[in-house]
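Content type compact mmCIF, C-alpha atoms, from the file final_14.txt:
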```txt
# COMPACT_ATOMS: atom_id res chain seq x y z
CA MET F 1 45.91 37.64 76.28
CA THR F 2 42.90 35.50 76.12
CA ILE F 3 41.75 37.22 73.01
CA GLU F 4 45.13 36.71 71.43
CA ARG F 5 45.04 33.01 72.23
CA GLU F 6 41.50 32.63 70.95
CA LEU F 7 42.43 34.40 67.75
CA ARG F 8 45.47 32.20 67.22
CA GLU F 9 43.33 29.17 67.95
CA ALA F 10 40.74 30.27 65.43
CA LEU F 11 43.27 30.97 62.70
CA ARG F 12 45.23 27.78 63.30
CA ARG F 13 45.50 25.58 60.17
CA PRO F 14 43.80 22.34 61.05
CA GLU F 15 45.74 19.23 60.20
CA ALA F 16 44.27 17.08 57.44
CA PRO F 17 42.98 13.74 58.62
CA PRO F 18 45.27 10.82 57.90
CA GLY F 19 45.03 9.52 54.30
CA PHE F 20 43.23 12.66 53.13
CA ALA F 21 45.83 13.53 50.46
CA SER F 22 45.90 10.05 48.99
CA ARG F 23 42.08 9.97 48.91
CA VAL F 24 42.01 13.34 47.06
CA VAL F 25 44.58 12.15 44.53
CA ALA F 26 42.71 8.88 44.02
CA ARG F 27 39.41 10.68 43.51
CA ALA F 28 41.00 13.15 41.07
CA ARG F 29 42.43 10.28 39.02
CA ALA F 30 39.07 8.53 38.98
CA GLY F 31 37.44 11.78 37.77
CA GLU F 32 39.95 12.12 34.92
CA ARG F 33 39.20 8.58 33.85
CA GLY F 34 35.42 9.33 33.88
CA GLU F 35 35.78 12.51 31.83
CA GLY F 36 37.92 10.68 29.30
CA GLY F 37 35.27 7.98 28.96
CA ARG F 38 32.51 10.54 28.56
CA GLY F 39 34.59 12.35 25.92
CA ARG F 40 35.09 9.18 23.96
CA GLY F 41 31.36 8.42 24.25
CA ASN F 42 30.46 11.86 22.87
CA ALA F 43 32.93 11.46 20.00
CA ALA F 44 31.44 8.07 19.12
CA ARG F 45 27.91 9.52 19.16
CA ALA F 46 28.99 12.45 16.96
CA LEU F 47 30.68 10.04 14.55
CA ALA F 48 27.57 7.85 14.40
CA ALA F 49 25.38 10.89 13.77
CA GLY F 50 27.78 12.03 11.03
CA VAL F 51 27.75 8.61 9.38
CA LEU F 52 23.94 8.49 9.60
CA LEU F 53 23.66 11.97 8.08
CA ALA F 54 26.09 11.08 5.30
CA LEU F 55 24.16 7.86 4.61
CA THR F 56 20.82 9.71 4.54
CA LEU F 57 22.22 12.39 2.23
CA GLY F 58 23.76 9.68 0.06
CA VAL F 59 20.50 7.74 -0.22
CA VAL F 60 18.44 10.88 -0.92
CA GLY F 61 21.02 12.13 -3.41
CA GLY F 62 21.20 8.74 -5.11
CA TYR F 63 17.42 8.54 -5.35
CA ARG F 64 17.20 12.05 -6.83
CA TRP F 65 20.02 11.31 -9.27
CA GLU F 66 18.37 8.06 -10.37
CA ARG F 67 15.00 9.82 -10.75
CA ARG F 68 16.61 12.56 -12.83
CA ARG F 69 18.29 9.96 -15.07
CA THR F 70 14.94 8.18 -15.50
CA ALA F 71 13.27 11.50 -16.35
CA GLU F 72 16.03 12.31 -18.86
CA ARG F 73 15.67 8.92 -20.53
CA ALA F 74 11.85 9.24 -20.60
CA ALA F 75 12.12 12.76 -22.05
CA GLU F 76 14.52 11.50 -24.71
CA SER F 77 12.09 8.71 -25.62
CA ALA F 78 9.18 11.17 -25.69
CA VAL F 79 11.07 13.53 -28.00
CA THR F 80 11.97 10.60 -30.29
CA ALA F 81 8.34 9.39 -30.31
CA LEU F 82 6.98 12.86 -31.10
CA ARG F 83 9.65 13.35 -33.77
CA ILE F 84 8.58 10.13 -35.50
CA ALA F 85 4.87 11.03 -35.17
CA SER F 86 5.51 14.51 -36.53
CA GLU F 87 7.62 13.13 -39.37
CA LYS F 88 4.90 10.68 -40.43
CA LEU F 89 2.17 13.33 -40.28
CA ASN F 90 4.29 15.60 -42.45
CA LEU F 91 4.92 12.73 -44.85
CA ALA F 92 1.15 12.31 -45.22
CA ARG F 93 0.67 16.05 -45.62
CA GLN F 94 3.42 16.26 -48.20
CA ASN F 95 1.92 13.39 -50.20
CA ILE F 96 -1.52 15.01 -50.08
CA HIS F 97 0.03 18.31 -51.18
CA ASN F 98 1.93 16.62 -54.04
CA HIS F 99 -1.20 14.78 -55.11
CA ALA F 100 -3.22 18.02 -55.10
CA ALA F 101 -0.51 19.79 -57.12
CA GLU F 102 -0.61 17.10 -59.81
CA MET M 1 -33.17 13.66 -1.95
CA LYS M 2 -33.40 13.00 -5.69
CA ARG M 3 -31.69 16.34 -6.29
CA ILE M 4 -28.64 15.13 -4.41
CA LEU M 5 -28.64 11.53 -5.60
CA LEU M 6 -28.88 12.25 -9.33
CA PRO M 7 -25.72 14.41 -9.62
CA MET M 8 -23.87 11.90 -7.44
CA LEU M 9 -24.94 9.06 -9.71
CA VAL M 10 -23.89 11.03 -12.83
CA ALA M 11 -20.50 11.86 -11.26
CA ALA M 12 -19.93 8.23 -10.28
CA THR M 13 -20.85 7.02 -13.77
CA LEU M 14 -18.52 9.57 -15.38
CA SER M 15 -15.65 8.61 -13.10
CA VAL M 16 -16.02 5.03 -14.29
CA LEU M 17 -16.46 5.97 -17.95
CA VAL M 18 -13.52 8.39 -18.29
CA PRO M 19 -10.75 5.87 -17.53
CA ALA M 20 -12.57 3.38 -19.73
CA GLY M 21 -12.50 6.02 -22.49
CA VAL M 22 -8.76 6.43 -22.08
CA ARG M 23 -8.33 2.66 -22.25
CA ALA M 24 -10.42 2.56 -25.42
CA GLN M 25 -7.97 4.93 -27.15
CA LYS M 26 -5.06 2.64 -26.50
CA ILE M 27 -4.38 0.27 -29.35
CA SER M 28 -2.56 -2.90 -28.53
CA PHE M 29 0.63 -3.25 -30.52
CA ASP M 30 1.28 -6.72 -29.18
CA LEU M 31 2.27 -7.95 -32.58
CA ASP M 32 4.76 -10.56 -33.54
CA THR M 33 7.37 -7.85 -33.20
CA THR M 34 10.19 -10.34 -32.83
CA THR M 35 9.81 -11.30 -36.51
CA LEU M 36 9.80 -7.64 -37.56
CA ALA M 37 12.64 -6.73 -35.22
CA ALA M 38 14.70 -9.72 -36.34
CA LYS M 39 14.59 -8.54 -39.95
CA ALA M 40 15.02 -4.85 -39.13
CA ILE M 41 18.34 -3.03 -39.15
CA GLU M 42 16.92 -0.44 -36.77
CA THR M 43 14.14 -0.86 -34.25
CA VAL M 44 12.46 1.85 -32.20
CA GLU M 45 9.97 0.63 -29.61
CA ILE M 46 8.70 3.27 -27.22
CA THR M 47 6.10 2.77 -24.52
CA LEU M 48 5.53 5.85 -22.42
CA ASP M 49 2.59 6.24 -20.10
CA GLY M 50 1.63 6.89 -16.52
CA GLU M 51 4.29 8.17 -14.17
CA LEU M 52 7.07 7.90 -16.76
CA LEU M 53 5.25 10.22 -19.16
CA ARG M 54 4.51 12.71 -16.38
CA LEU M 55 8.16 12.56 -15.34
CA ALA M 56 9.26 13.29 -18.92
CA GLY M 57 6.79 16.17 -19.13
CA ARG M 58 7.99 17.65 -15.86
CA PHE M 59 11.63 17.25 -16.91
CA LEU M 60 11.12 18.97 -20.26
CA ALA M 61 9.20 21.76 -18.56
CA THR M 62 12.07 22.51 -16.18
CA ALA M 63 14.26 25.51 -16.76
CA ASP M 64 17.40 23.53 -17.62
CA ALA M 65 15.61 21.39 -20.24
CA ASP M 66 14.41 24.67 -21.77
CA GLU M 67 11.51 23.08 -23.64
CA PRO M 68 8.42 24.10 -21.67
CA GLU M 69 6.04 23.85 -24.68
CA LEU M 70 7.02 20.25 -25.31
CA GLY M 71 6.69 19.59 -21.59
CA ARG M 72 3.18 21.06 -21.55
CA LEU M 73 2.20 18.96 -24.58
CA LEU M 74 3.43 15.79 -22.88
CA ARG M 75 1.69 16.57 -19.61
CA ARG M 76 -1.68 16.57 -21.37
CA LEU M 77 -1.13 13.10 -22.83
CA GLU M 78 -2.00 9.74 -21.30
CA GLY M 79 0.32 7.59 -23.37
CA ILE M 80 2.64 7.43 -26.35
CA TYR M 81 3.35 4.11 -28.05
CA VAL M 82 5.66 3.78 -31.04
CA ARG M 83 6.85 0.74 -32.95
CA SER M 84 9.12 1.55 -35.87
CA TYR M 85 11.22 -0.86 -37.92
CA THR M 86 13.71 0.08 -40.61
CA PHE M 87 14.87 -2.51 -43.12
CA ASP M 88 17.82 -2.64 -45.49
CA SER M 89 15.78 -3.65 -48.53
CA ASP M 90 12.40 -2.82 -50.02
CA GLY M 91 9.40 -4.87 -48.92
CA ALA M 92 11.30 -6.82 -46.30
CA TYR M 93 8.34 -6.88 -43.93
CA ASP M 94 5.14 -8.86 -43.96
CA SER M 95 2.17 -6.60 -44.71
CA ARG M 96 0.00 -8.83 -42.51
CA ALA M 97 1.42 -6.86 -39.58
CA ILE M 98 -0.39 -3.78 -40.91
CA ALA M 99 -3.64 -5.72 -41.25
CA ALA M 100 -3.24 -6.96 -37.68
CA VAL M 101 -2.94 -3.39 -36.33
CA ARG M 102 -5.83 -2.17 -38.50
CA ALA M 103 -7.98 -4.94 -37.04
CA ARG M 104 -7.33 -3.60 -33.54
CA ILE M 105 -8.64 -0.14 -34.38
CA GLY M 106 -12.18 -0.53 -33.17
CA ALA M 107 -15.40 1.38 -33.51
CA GLY M 108 -15.33 5.07 -32.72
CA TRP M 109 -12.13 5.64 -34.63
CA GLN M 110 -12.24 7.68 -37.77
CA LYS M 111 -9.78 7.36 -40.64
CA ILE M 112 -8.98 10.97 -41.50
CA VAL M 113 -6.00 10.42 -43.79
CA ASN M 114 -5.36 7.60 -46.23
CA VAL M 115 -2.42 8.30 -48.49
CA ARG M 116 -1.25 5.84 -51.11
CA SER M 117 1.64 7.44 -52.96
CA ALA M 118 3.51 6.44 -56.11
CA ASP M 119 6.65 6.09 -53.97
CA SER M 120 4.76 3.55 -51.83
CA ASP M 121 4.87 5.89 -48.85
CA ASP M 122 1.50 4.90 -47.48
CA VAL M 123 0.17 6.69 -44.44
CA GLU M 124 -3.07 6.18 -42.57
CA VAL M 125 -4.15 8.47 -39.74
CA TYR M 126 -7.01 7.56 -37.44
CA THR M 127 -8.45 9.79 -34.74
CA LYS M 128 -10.77 9.21 -31.84
CA LEU M 129 -12.96 12.21 -31.15
CA ALA M 130 -14.63 13.32 -27.95
CA GLY M 131 -16.94 16.09 -29.09
CA ASP M 132 -14.75 18.26 -31.28
CA ARG M 133 -11.57 17.27 -29.48
CA VAL M 134 -9.10 14.68 -30.70
CA GLU M 135 -8.58 12.29 -27.79
CA GLY M 136 -6.45 9.70 -29.53
CA VAL M 137 -4.41 9.23 -32.69
CA VAL M 138 -3.16 6.17 -34.53
CA ILE M 139 -0.70 6.54 -37.39
CA ILE M 140 0.31 3.67 -39.65
CA ALA M 141 3.13 4.51 -42.02
CA ALA M 142 4.21 1.82 -44.43
CA GLN M 143 7.19 2.84 -46.51
CA PRO M 144 9.28 0.54 -48.68
CA ARG M 145 11.99 0.20 -46.05
CA GLN M 146 10.21 1.34 -42.93
CA LEU M 147 7.11 0.28 -41.07
CA THR M 148 5.83 2.50 -38.27
CA PHE M 149 2.89 2.26 -35.87
CA ILE M 150 2.13 5.16 -33.54
CA ASN M 151 -0.60 5.52 -30.94
CA ILE M 152 -0.97 8.72 -28.96
CA VAL M 153 -3.54 8.66 -26.17
CA GLY M 154 -4.92 11.91 -24.81
CA PRO M 155 -5.87 15.34 -26.15
CA VAL M 156 -3.62 16.08 -29.09
CA ASP M 157 -3.60 18.80 -31.70
CA LEU M 158 -2.46 17.28 -35.01
CA ALA M 159 -1.39 20.65 -36.41
CA GLU M 160 0.68 21.29 -33.29
CA LEU M 161 2.16 17.81 -33.55
CA SER M 162 3.15 18.17 -37.21
CA LEU M 163 4.75 21.52 -36.43
CA LEU M 164 7.05 19.88 -33.89
CA GLU M 165 9.37 18.54 -36.57
CA GLY M 166 12.28 20.92 -36.84
CA GLN M 167 11.52 22.51 -33.47
CA PHE M 168 13.01 22.03 -30.03
CA ALA M 169 15.41 19.07 -30.09
CA ILE M 170 13.40 17.47 -32.89
CA PRO M 171 15.35 17.58 -36.14
CA ARG M 172 13.57 18.15 -39.44
CA ILE M 173 14.01 14.88 -41.33
CA SER M 174 10.98 14.82 -43.58
CA LYS M 175 11.09 13.14 -46.96
CA LYS M 176 12.20 16.22 -48.93
CA ASP M 177 15.17 16.86 -46.65
CA ALA M 178 16.07 13.19 -46.56
CA LYS M 179 16.20 13.14 -50.35
CA GLU M 180 18.41 16.23 -50.39
CA LYS M 181 20.97 14.56 -48.12
```
structure tokens encoding of this file:
Amino acid sequence: MTIERELREALRRPEAPPGFASRVVARARAGERGEGGRGRGNAARALAAGVLLALTLGVVGGYRWERRRTAERAAESAVTALRIASEKLNLARQNIHNHAAE
Amino acid sequence: MKRILLPMLVAATLSVLVPAGVRAQKISFDLDTTTLAAKAIETVEITLDGELLRLAGRFLATADADEPELGRLLRRLEGIYVRSYTFDSDGAYDSRAIAAVRARIGAGWQKIVNVRSADSDDVEVYTKLAGDRVEGVVIIAAQPRQLTFINIVGPVDLAELSLLEGQFAIPRISKKDAKEK
């Protein structure tokens, strides 16, 4: 009998202290608010990193594009300059050749 | 000690002299180009040296430009300077401009070509030699309707240069072809 009573006593569901439920609900709500804030913070950081990456890629790409355009223009000028030089040398050669033929 | 100092002194002297040599091959074309350009119907003024010339050489040597030989030629050079003026009538330019450029070609330059043709296509070619290597070229071409000054600074092979016309992206527009057109 004693054992039975002790067992029942041990397995008895203890009553929650007064206000326990409301405290649990309040804490849970506070936690949800915190997680939401952290989530928004992470999203903002990811967005900033994305913008920074896009800016960096844009600047690097723009620099490379500008450098390529400069190189193209310089190459065009060089080809024109060498064409003129070559043309004038050939003009001299042709005149020498014509003079020798006469 | 002398064995170490002497080569160092020679190296230091050479390092000072080499850039000075390059500078000596550059002819100033700071003429009264505004007068020439004002009368000209077409003006070509090209100044290519330093980083810009290296950039052009690297660009032409790349696979997509597909002109590695031209790229290699450019990468050897120190500078290319061209002033060319085309006029719509014969003798529209002042020949004093030619005399002014001639006066700037100093000692050490050798006139290797002096052509005076019946068509008044006069060409003078000057070279600056370093040993048996051409280290600079000046070309003055005075034609009835065109006046051209060219200065190429750096090791240049004149035969290679004259062969460029008609190759790569350089069209063949020598006198004979121009007459045929």
Which residues of chain F sit at most 8 Å from chain M, using only C-alpha atoms? Give each one's shortest atom pair and distance in Å (one decimal place), in chain and ascending residue order, as JSON lines.
```
{"residue": "F:Arg68", "atom": "CA", "partner": "M:Phe59", "partner_atom": "CA", "distance": 8.0}
{"residue": "F:Thr70", "atom": "CA", "partner": "M:Leu52", "partner_atom": "CA", "distance": 8.0}
{"residue": "F:Ala71", "atom": "CA", "partner": "M:Ala56", "partner_atom": "CA", "distance": 5.1}
{"residue": "F:Glu72", "atom": "CA", "partner": "M:Ala56", "partner_atom": "CA", "distance": 6.8}
{"residue": "F:Arg73", "atom": "CA", "partner": "M:Ala56", "partner_atom": "CA", "distance": 7.9}
{"residue": "F:Ala74", "atom": "CA", "partner": "M:Ala56", "partner_atom": "CA", "distance": 5.1}
{"residue": "F:Ala75", "atom": "CA", "partner": "M:Ala56", "partner_atom": "CA", "distance": 4.3}
{"residue": "F:Ser77", "atom": "CA", "partner": "M:Ile46", "partner_atom": "CA", "distance": 6.6}
{"residue": "F:Ala78", "atom": "CA", "partner": "M:Ala56", "partner_atom": "CA", "distance": 7.1}
{"residue": "F:Val79", "atom": "CA", "partner": "M:Ile170", "partner_atom": "CA", "distance": 6.7}
{"residue": "F:Thr80", "atom": "CA", "partner": "M:Ile170", "partner_atom": "CA", "distance": 7.5}
{"residue": "F:Ala81", "atom": "CA", "partner": "M:Val82", "partner_atom": "CA", "distance": 6.3}
{"residue": "F:Leu82", "atom": "CA", "partner": "M:Leu161", "partner_atom": "CA", "distance": 7.3}
{"residue": "F:Arg83", "atom": "CA", "partner": "M:Ile170", "partner_atom": "CA", "distance": 5.6}
{"residue": "F:Ala85", "atom": "CA", "partner": "M:Ile150", "partner_atom": "CA", "distance": 6.7}
{"residue": "F:Ser86", "atom": "CA", "partner": "M:Ser162", "partner_atom": "CA", "distance": 4.4}
{"residue": "F:Glu87", "atom": "CA", "partner": "M:Ser174", "partner_atom": "CA", "distance": 5.6}
{"residue": "F:Lys88", "atom": "CA", "partner": "M:Ala141", "partner_atom": "CA", "distance": 6.6}
{"residue": "F:Leu89", "atom": "CA", "partner": "M:Ser162", "partner_atom": "CA", "distance": 5.8}
{"residue": "F:Asn90", "atom": "CA", "partner": "M:Ser162", "partner_atom": "CA", "distance": 5.9}
{"residue": "F:Leu91", "atom": "CA", "partner": "M:Lys175", "partner_atom": "CA", "distance": 6.5}
{"residue": "F:Ala92", "atom": "CA", "partner": "M:Val123", "partner_atom": "CA", "distance": 5.8}
{"residue": "F:Asn95", "atom": "CA", "partner": "M:Ser117", "partner_atom": "CA", "distance": 6.6}
{"residue": "F:Ile96", "atom": "CA", "partner": "M:Val115", "partner_atom": "CA", "distance": 7.0}
```
Q) What is the distance, in Å and to one decimal place, between CA of Trp109 in chain M and CA of Phe29 in chain M? A)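 These two atoms are separated by 16.1 Å.
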Q: Just the residues within 10 Å of Asp157 in chain M, please, counting only C-alpha atoms, with nothing from its chain fewer than 6 positions along; format it as an MDAnalysis selection string.
A: chainID M and resid 73 133:137 163
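Remark: for Ala37 in chain M, the closest of the candidate residues M:Thr86, M:Leu77, M:Ala61, M:Gly131 is M:Thr86 (distances computed over all atoms listed in the file).
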**Q.** Distance in Å - CA of Gly106 in chain M versus CA of Ser28 in chain M
**A.**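 Separation of CA of Gly106 in chain M and CA of Ser28 in chain M: 10.9 Å.
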Q) In Å, with one decimal, what is the gap from CA of Arg145 in chain M to CA of Asp88 in chain M? A)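 If I compute the distance from CA of Arg145 in chain M to CA of Asp88 in chain M, I get 6.5 Å.
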